Each structure stands twice: as structure tokens, then as C-alpha cells.
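S.K.: The structure follows.
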Amino acid sequence: MMTFPASRASQASNQPQLMQEEAGFYLGIGADLEETGQQAATTVFEKYTLWRNGGRQQADTEFKGKHFSIAVGGGNTVKALYRALLNQHAYDINWIEDVRFFFLEESTGEKNWVSAAQSLIASFIRPLASKLVRRWGVKKLNRMLDLKYPVMEEDLAEQLIEVMLYRINLAAVRKCVRRGQTARAGKLTQQECQRYHDLLLRCLGKSMAFHLIITGVGKDGDVGAFSPDTPALAEKKPGLVKLKQSNGATRIALNRGIITRAECVALILSGSLKLKTLGRFEMQEAADFEQTVMETPVRMLRERREIAEKVYIFADDTALHFDEGKFQYRENGKLITTKAEVRVGSEENGIHIFLLHGFMGLYSYVNFLIRLPGAWTVSALHRGKHAKKLAEKDVFPHYANALRKAVMQNWRNQRPTPVAFHSIAGTISDHLLLSIVEDQSAPLPEFEDLKKSDQMLVEALRSGGIIHLASWAPSDIVHIAETIDNLIGHLRKRCELDYSGPAPVYRLDPDHGLSLNHPEQVLEAQPSRLLSFAKLPAVEQMINALNRGLRYLLDKRDLQQGVSQREIPYGLRVVGGRLLKKVSFYGLFKEVCASLHDPLEYQQRHLRALDIIIKYDIPYLSVIHHDDFMVSANRHREEYAYLLQRRMEKDGVKRAQDISVALNFLQLEREAEELPADPLNPHLMLMSTSQEGDRLSRQVTAAVTQFVKDNVAVAVAAGKTPPLASVAKSEARKNLSGKRRKAG
């Protein structure tokens, strides 16, 4: 018997850290597929070492005490793991005596089918045989394999295959299929299914729990043999299933009960369009869990926390990329291009939500790009370079026009297009709404009197709704000034932190609606020095130099290697510094100045936009954190109360639940009793600069998802947009839940 090292350094120093996420699973992000495979190989070695150094004595079957059992799936991503195992652990794992391979599935024959068994043999077993021959020699390997008749080097791989692999054998079935012997093929398939089932029972016991399962994940969350809406996903008792494929082929596969009972599951993600799957796995959704499993099968591994804690996800950088989208239109004879980070949805021509980011750029929306329902297409729109050359008064109208063109482009295809605005992007929302009416000082015209293009925009906004997430208004200058004073007092004199700001923000005039309670405070708080600095001739060059310096530092720092990584939340670990490197400080500076140059006029436009929401029956969701340092929660509450009162008056109802158009408000609360000094986290609710921020982003995601689906359901019922399967499912679940509540 040969001796092998019992342990090795758990992880190469140049590998990214493997972090346990709040949901329980472990996530490692590599620069490329090769690095991802190396990290996965390290974990395989660690699990093997634990088994060899004590775990085998606790095995519930004789087989599991003698052998480290691994079930593998097919696909190209797993091959990266095989390469890493060959390079890193060919000699410090006793492959021949200790390790036995099983398979997640096998097929009677499908186009482009990659057999897990053939992939393992070609990419691992045969190269392993060559390595072992070079290291140990043919004679020693013959002894290790206990061969009565010694074989030559070229035949040793076949012996390793015979000893180490437990294959699902459908060779005889394939012959029958080719001969047209359908009944015979079905009988043989059933026999092989039973044989493999009995084999697993003997080797693994009733639990059928492998030491390790290794597989890739498809773009729709496919895992093992299971794609979305596979009925067999409902079976939780460990066993095997036969799955008929659309081309008539049959697969034999290990079922959900076996996959979820494994002691460790390693999932390897690579290639584009995998970010949606990762986000769907991570997200704690409000929908019925079993339905989410049907939509995204990999979610079976989130059924309970103890299952999630056995899951290791290894993703390469390409798996975490967003696609780039483009919207083009002409403005004053010039072609304008608006780019976007896009996560494509699985539902053709389904819901397409536009995200307009706050002052921290696209990263404001990373969690939404990842976590919103997989059926949706999600686009986080860039601002573009064109606005940097515009006068301050033209910046936000330009942004609003670009958004208007994109919304209208979707609506011409009858595609529901909700729009979400975070932080300073609330000003874009105001200008978008104001673009509906030509004379902003005259009484609002009736819908029938609007231009056809404006009617189309209203219909588009009705279909999905407008979402304000800690959205900015000029009166928030006063709020920031007060919270800054409070923070300084806390740091100097330890007085109690209070980010609630002034209240009330508004007064209600029965004839003219809302108006600022103290407009003079807005002018007093206006940052005159900042606006004066903006007029310096070299300001753009100075700020761009600072921007380049920041990007240089970010290029030198790998967020996956950070000392304090445990405090870096999920969203930031997923994207690393990629989106932060895209932040334009000058673009941000230009926007801030544009929003502050005439605050009282902008505030009046903001209030006018609120009236437009009521006049034209546009659904509205407002989300704010109680302790937002940058934006007044009091203002958001007062505006919501005003909108609700106006809506009830228009509908002639006395109860909020009886209004005809959705008006929703969500106020987020902190978990801790004491308010943290961090002034940004509550405001950046979707950025999640802390682990609590991840919880908040889940609340926001659930609220936005339900709000949009409810609005789209109304639009579908009114014949404004074609039926969508995802919305129909949501409505069916909601109706069923309502019936259950009444029955209870």
C-alpha cells in the first residue's frame, strides 16, 4: 500500500477567499475559470482530508468508511476542476484506494449531450493514469490494483476506470433505440434505473448521501438533470428518476432527495448569463419556496439552512458579468447612445425594468441586477458623457429624455416597463413626468387632451409603475445640513445620534396643495462654495485626476483578498471593484451642481410631478429608511400621505385599501437599538455596505417585485399588454394564498 500526505496548506495564498454568505452557502470568486477550478480543487482536497483523518470512522456504511464517494455532473466547467486536481492533487490523494466516482445522470442519446462519465474519463482518469505511471511506475500500480495478470501502461487507464467508476450503463438501451425496439428499450431503462438505485443503497445506505457532489449550473438554474418546471423536482425522497426529453431520449438521474442530502455540494459557475442564477439562489424570496424551485432548480439547495451550509459555489469573473445594452435616439440632429448594464430575463418580451442610479453610480443597483426575478430583464442605465458638456439646467432634462425614449421603445413592443429611481435620480423622475405636459404652470390637461406620444408614455408608466428609492429632492439640502450638525455633535460631545431631520417638511394649502414649510432654509443651506468651485476653469481636469488615482488604487486592491472581507457584503463581493471603477467623479459632481443650482424651482417641479402621478393614474412606490442621512424620511412620509389623500379623493373612497391605483410606501427600520455613525448605509439600501444592508435590500426587492407584478396584472387584464406566464403564476399563487387564509 502506498502512503499519501494527510494534509496540505488549505489554500494557496494567491487564491481568493472562500466566504460564507448570510444565507449559509460559501462563495468564492476567481479571476477566470482556471482560478475557479483551483479553488474548487482545494475544497475537494480539504473535504477528502477531513474524511481520511477521522470522517471515515463515522461512516454509516462499510463502503463509505473505505471510500470517499463523489458524484459528478457533466459540462465544460467541471473540466476546470479536473485540470486543477491533476495539477495540485494528483499525488496527495490516494485516488486508487480511496476515491470512487458516481454520476448524476446519463442519457440514451441527445443532441450535444456531454456524458458526465465520458467527460470524467477523458479529462481526468486517463491523464491521472499517465501521471501515476510517471510517479510510481507500472509494477507498483499493478500491485495497487491487485491485478493477477500485470498489464502494460496503455491498459492501466482501463483498469482505473473499472475500479474507480460506478457508471449508469445505458449502452444496451441505446442499441434498442437505434433498432426501433421502443418497448424493449423502456424495459431495459427501468432495469438499469433499479440496478443503480440498489447499488447506491448498498454503498451509501438509506440516506444515499455522497461525501461530495460536483456539478455545473445552467443559465436558468439547471442542476443535475433538472431544468425549470421539471415535475420530478417535487420528489424529496432519495432515489432515481427517469426523465423523458423532448427529442424522445430518456435520462436516468439522481433525484433532488439525493442531491440535497450530500455532505457537500460544489457548484461551478462560468460563462455569461450565470449572474441571474447566482442571485436567484442567494435571494430569500417571498414567493412560495417550492414554486421558486420549479422556476430555478438550484434553489432546492436553499430548502433549509443546514442544506445551504453544505453548498460551495465557485464562480469565475465572466459568470458575474452583465451584458451591455444600448438605446439610441436623435436629439437636435445628433445621435445619442445610452448604454446599460443588462441582465437578460428568461421570459421573452416580458417585464423590463429600468434602473436609474444614485450618486454612487451603477453599484447602487448591483443587488437589483442580481436579485430581481429571473423572468425579468433588468437594465441599469448609464448617464453617458454627453451631459458633462451641457449647461446645468439641461443636464436632468437630457437624462429624462433619454429615459423617455427607452421606455417608449419598449412600450411600442407592448412590453411592461417599470422604472426605479434611486437617490439623486429622483430628479430624473420629476423631469420624465414633467415631459408629459407642455405648459408646466397651467392646469394639467385631461389624458384625452395630451399628445399621442405623451399618452403612450402615460400608458407605459401605468403598466409597471414608478418606484422611488430614497429619492432626492432639493429640500433635502436642509435635511443633510441638520444631520451633519447632529453627527458632528455626536463625535465631539457624544450627544445622541438622530438622522430624522426637520419636520414637518411641508404645509398643506387646501387650494394649492403642498408647499415647503420653510423655503428660506433651502436657500440658506445651498452649498455656495461647491457651486463656486464648479465654475473654476480647470475643475474637470482636477476631478478627473482624482478619478484616475482612485481607479489605480482599485486596480491594485483585490476585494476578494481584503483583510476585512467578512464585513464586505454579498453584492460587493460578487462584483468586486468592477462597477466602482466605472464611477465618474466629474459626472457625479456635475449632477450635484445641476440639482442644486436653482433648488426652489426644482422643488416646485418635484411637487408638480407628484400631482402628475395622481392626475394620470400612475402607480407609485416609495421606499425610504427611517434613518436616512442623505434624504428625509419625513418628506417621503408626508408626500405619500398627500398622494394617498389625493388618490382617495379622486376615487371617492374613504379607505386606503379601496383606491384604484397602487400607492405603496415602505419604511425600512434598523435592527440595532443604537443608530450607527455610518451616514451612508441606510441611504444606499441597495448598495448594502453592511450585512444588515443585505437584509434591507431583500425587503426592497420583495416590495418592488410584488408592486410591479400587481401593476402588470392590471395592465394585462385591461388588454394593454399581452399575458405573461410569470405574472399569471404570481396571481395564481396570490389567489390560492387568499383562499387558504379565508379557509383558515
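We label chains A, B, ... in the order they appear in the C-alpha cells, count residues from 1 in each chain, and number ligands from 1 in the order shown.
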Compile the contact shell of Arg637 in chain A as a VMD selection string: residues with an atom at most 12 Å away, counting only C-alpha atoms, same-chain residues fewer than 6 positions apart removed.
M.R.: chain A and resid 470 500 503 to 506 621 to 626 631 643 to 644 664 to 668
S.K.: Excluding same-chain residues fewer than 6 positions from His479 in chain A, what lies within 12 Å of it counting only C-alpha atoms, as a list in words?
M.R.: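 With the cut-off at 12 Å, the set is Trp472, Ala473, Asp485, Asn486, Asp498, Tyr499, Ser500, Gly501, Pro502, Ala503, Pro504, Val505, His518, Gln521, Val522, Ala525, Gln526, Asp627, Asp628, Phe629, Met630, Val631, Ser632, Ala633, Asn634 and Arg635 of chain A.
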S.K.: Let me make sure I understand: among A:Leu516, A:Pro619, A:Gly350, A:Asp511, which one has the smallest atom-to-atom distance to Val716 in chain A if we use only C-alpha atoms?
M.R.: A:Gly350
S.K.: Enumerate as an MDAnalysis selection string all residues of range 83-159 of chain A assigned to helix (DSSP H, G or I) by DSSP on the backbone, naming them with the chain letters and numbers the document uses.
M.R.: chainID A and resid 83:89 95:98 116:136 138:144 153:159
S.K.: Using C-alpha atoms, can you export the residues from the last selection as a PDB file, in the first residue's frame?
M.R.:
ATOM      1  CA  ARG A  83      -7.366  20.034 -14.555  1.00  0.00           C
ATOM      2  CA  ALA A  84      -6.740  21.624 -11.160  1.00  0.00           C
ATOM      3  CA  LEU A  85      -6.974  18.282  -9.333  1.00  0.00           C
ATOM      4  CA  LEU A  86      -4.421  16.815 -11.731  1.00  0.00           C
ATOM      5  CA  ASN A  87      -2.062  19.738 -11.235  1.00  0.00           C
ATOM      6  CA  GLN A  88      -2.489  20.197  -7.493  1.00  0.00           C
ATOM      7  CA  HIS A  89      -3.517  16.862  -6.012  1.00  0.00           C
ATOM      8  CA  TRP A  95      -7.225   8.045  -5.778  1.00  0.00           C
ATOM      9  CA  ILE A  96      -6.971   4.335  -6.431  1.00  0.00           C
ATOM     10  CA  GLU A  97      -7.724   3.025  -2.952  1.00  0.00           C
ATOM     11  CA  ASP A  98      -9.865   5.804  -1.507  1.00  0.00           C
ATOM     12  CA  ALA A 116     -20.526  13.063 -17.282  1.00  0.00           C
ATOM     13  CA  ALA A 117     -18.845   9.643 -17.361  1.00  0.00           C
ATOM     14  CA  GLN A 118     -17.082  10.226 -20.663  1.00  0.00           C
ATOM     15  CA  SER A 119     -16.010  13.702 -19.546  1.00  0.00           C
ATOM     16  CA  LEU A 120     -14.507  12.314 -16.330  1.00  0.00           C
ATOM     17  CA  ILE A 121     -12.711   9.530 -18.168  1.00  0.00           C
ATOM     18  CA  ALA A 122     -11.254  11.753 -20.895  1.00  0.00           C
ATOM     19  CA  SER A 123     -10.429  14.785 -18.766  1.00  0.00           C
ATOM     20  CA  PHE A 124      -9.344  13.136 -15.531  1.00  0.00           C
ATOM     21  CA  ILE A 125      -8.960   9.350 -15.333  1.00  0.00           C
ATOM     22  CA  ARG A 126      -6.742   8.863 -18.382  1.00  0.00           C
ATOM     23  CA  PRO A 127      -4.461  11.846 -17.583  1.00  0.00           C
ATOM     24  CA  LEU A 128      -4.337  10.663 -13.954  1.00  0.00           C
ATOM     25  CA  ALA A 129      -3.206   7.217 -15.090  1.00  0.00           C
ATOM     26  CA  SER A 130      -0.355   8.785 -17.059  1.00  0.00           C
ATOM     27  CA  LYS A 131       0.727  10.896 -14.098  1.00  0.00           C
ATOM     28  CA  LEU A 132       0.646   7.942 -11.694  1.00  0.00           C
ATOM     29  CA  VAL A 133       2.698   5.809 -14.062  1.00  0.00           C
ATOM     30  CA  ARG A 134       5.341   8.519 -14.267  1.00  0.00           C
ATOM     31  CA  ARG A 135       5.375   8.862 -10.482  1.00  0.00           C
ATOM     32  CA  TRP A 136       5.029   5.272  -9.240  1.00  0.00           C
ATOM     33  CA  VAL A 138       3.815   0.279 -13.872  1.00  0.00           C
ATOM     34  CA  LYS A 139       4.759  -2.504 -11.417  1.00  0.00           C
ATOM     35  CA  LYS A 140       3.665  -0.622  -8.292  1.00  0.00           C
ATOM     36  CA  LEU A 141       0.404   0.375  -9.905  1.00  0.00           C
ATOM     37  CA  ASN A 142      -0.269  -3.249 -10.860  1.00  0.00           C
ATOM     38  CA  ARG A 143       0.196  -4.160  -7.198  1.00  0.00           C
ATOM     39  CA  MET A 144      -2.047  -1.338  -6.038  1.00  0.00           C
ATOM     40  CA  GLU A 153       0.895   1.269 -19.227  1.00  0.00           C
ATOM     41  CA  GLU A 154      -1.608   1.799 -22.041  1.00  0.00           C
ATOM     42  CA  ASP A 155      -4.080  -0.552 -20.353  1.00  0.00           C
ATOM     43  CA  LEU A 156      -3.796   0.865 -16.823  1.00  0.00           C
ATOM     44  CA  ALA A 157      -6.335   3.613 -17.523  1.00  0.00           C
ATOM     45  CA  GLU A 158      -8.939   0.969 -18.338  1.00  0.00           C
ATOM     46  CA  GLN A 159      -8.214  -0.717 -15.013  1.00  0.00           C
TER      47      GLN A 159
END
S.K.: Quick one: everything within 10 Å of Met408 in chain A, counting only C-alpha atoms, minus sequence neighbours fewer than 2 positions away in the same chain. Send it as a compact mmCIF listing (two decimals) with C-alpha atoms, in the first residue's frame.
M.R.:
# COMPACT_ATOMS: atom_id res chain seq x y z
CA LEU A 403 -35.12 57.51 -20.41
CA ARG A 404 -38.33 58.54 -22.15
CA LYS A 405 -37.02 57.27 -25.48
CA ALA A 406 -36.03 53.93 -23.95
CA ASN A 410 -40.23 49.11 -25.10
CA TRP A 411 -43.85 50.17 -24.98
CA ARG A 412 -44.18 50.09 -28.76
CA ASN A 413 -43.50 46.37 -28.36
CA GLN A 414 -46.20 46.23 -25.62
CA ARG A 415 -43.51 45.44 -23.09
CA THR A 417 -41.50 48.82 -18.29
CA SER A 453 -46.75 60.36 -27.64
CA ASP A 454 -47.46 61.64 -24.13
CA MET A 456 -48.20 56.46 -24.82
CA LEU A 457 -45.71 57.41 -22.10
CA VAL A 458 -48.50 57.54 -19.50
CA GLU A 459 -49.76 54.11 -20.58
CA ALA A 460 -46.22 52.74 -20.37
CA LEU A 461 -45.72 54.11 -16.86
S.K.: Name all residues at most 12 Å from Pro445 in chain A (count only C-alpha atoms; drop same-chain ones fewer than 6 positions away) and give them as a list in words.
M.R.: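 Within the cut-off, the hits are Ile436, Val437, Glu438, Asp439, Lys451, Asp454, Gln455, Asp611, Ile612, Lys615 and Tyr616 of chain A.
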S.K.: Extract, using only C-alpha atoms, all DNA, RNA and protein residues at most 9 Å from Asp617 in chain A, discarding same-chain residues fewer than 5 positions from it, and format them as a list in words.
M.R.: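 Non-adjacent residues within range: Val458, Arg462, Ile612, Arg647, Ser660, Val661 and Ala662 of chain A.
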S.K.: For the selection you just gave me, I'd like the residues written to a file as a short mmCIF file (atom, residue, chain, number, x, y, z; two decimals), in the first residue's frame, keeping N, CA and C atoms.
M.R.:
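part_2.cif, freshly written:
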data_model
loop_
_atom_site.label_atom_id
_atom_site.label_comp_id
_atom_site.auth_asym_id
_atom_site.auth_seq_id
_atom_site.Cartn_x
_atom_site.Cartn_y
_atom_site.Cartn_z
N VAL A 458 -47.66 57.78 -20.68
CA VAL A 458 -48.50 57.54 -19.50
C VAL A 458 -48.91 56.07 -19.43
N ARG A 462 -48.04 53.45 -16.51
CA ARG A 462 -49.11 52.75 -15.79
C ARG A 462 -48.88 51.24 -15.75
N ILE A 612 -48.86 65.08 -11.09
CA ILE A 612 -48.98 64.34 -12.36
C ILE A 612 -49.24 62.86 -12.08
N ARG A 647 -55.49 60.61 -3.90
CA ARG A 647 -55.99 59.44 -4.61
C ARG A 647 -57.37 59.02 -4.09
N SER A 660 -58.02 52.80 -6.46
CA SER A 660 -58.00 52.04 -7.72
C SER A 660 -56.61 51.87 -8.32
N VAL A 661 -55.66 52.70 -7.91
CA VAL A 661 -54.30 52.66 -8.46
C VAL A 661 -53.32 52.49 -7.30
N ALA A 662 -52.33 51.63 -7.49
CA ALA A 662 -51.40 51.31 -6.41
C ALA A 662 -50.61 52.53 -5.96
#
S.K.: Which is closer to Leu487 in chain A than all the others in A:Ile614, A:Ala234, A:Leu675, A:Leu356, using only C-alpha atoms?
M.R.: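 The shortest atom-to-atom distance to Leu487 in chain A comes from A:Leu675.
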S.K.: Residues near range 724-730 of chain A, anyone? I mean within 10 Å using only C-alpha atoms, not counting same-chain ones fewer than 2 positions away, as a PyMOL selection string.
M.R.: chain A and resi 287-288+291+295+346-351+373-376+416+706+708-713+716+721-722+732-736
S.K.: Go through A:Met300, A:Leu320, A:Leu680, A:Ala717 and flag the residue nearest Ser227 in chain A, using only C-alpha atoms for the distances.
M.R.: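 Of all the options, A:Met300 lies closest to Ser227 in chain A.
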S.K.: In range 320-487 of chain A, what's strand (DSSP E or B) per DSSP? Answer as a PyMOL selection string?
M.R.: chain A and resi 323-331+334-343+352-356+377-381+419-422+466-469
S.K.: Nearest residue to Val704 in chain A out of A:Ala319, A:Val223, A:Ile466, A:Leu212, using only C-alpha atoms?
M.R.: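 Closest candidate: A:Ile466.
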S.K.: Enter the distance from CA of Pro228 in chain A to CA of Arg299 in chain A, in Å, rounded to one decimal.
M.R.: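 Pair CA of Pro228 in chain A / CA of Arg299 in chain A returns 10.7 Å.
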S.K.: So what do you get for CA of Asp678 in chain A versus CA of Leu372 in chain A, distance-wise?
M.R.: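 The value is 26.9 Å.
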S.K.: Between CA of Tyr399 in chain A and CA of Val539 in chain A, what distance in Å does the model show, to one decimal?
M.R.: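 That distance, rounded to one decimal, is 22.3 Å.
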S.K.: Using only C-alpha atoms, I'd like a table of the residues in range 271-346 of chain A that come within 7 Å of range 29-36 of chain A; for each, show the closest atom pair and its distance in Å rounded to one decimal, ordered by chain and ascending number, as a tab-separated table.
M.R.:
residue	atom	partner	partner_atom	distance
A:Phe314	CA	A:Thr36	CA	5.8
A:Ala315	CA	A:Ile29	CA	4.9
A:Asp316	CA	A:Gly30	CA	4.6
A:Asp317	CA	A:Ala31	CA	5.2
S.K.: Would you export the selected residues with C-alpha atoms as a PDB file, in the first residue's frame, please?
M.R.:
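This is the output file result_12.pdb:
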ATOM      1  CA  PHE A 314     -17.187  28.682  -7.252  1.00  0.00           C
ATOM      2  CA  ALA A 315     -17.726  31.384  -9.875  1.00  0.00           C
ATOM      3  CA  ASP A 316     -15.343  32.947 -12.321  1.00  0.00           C
ATOM      4  CA  ASP A 317     -15.398  36.608 -13.245  1.00  0.00           C
TER       5      ASP A 317
END
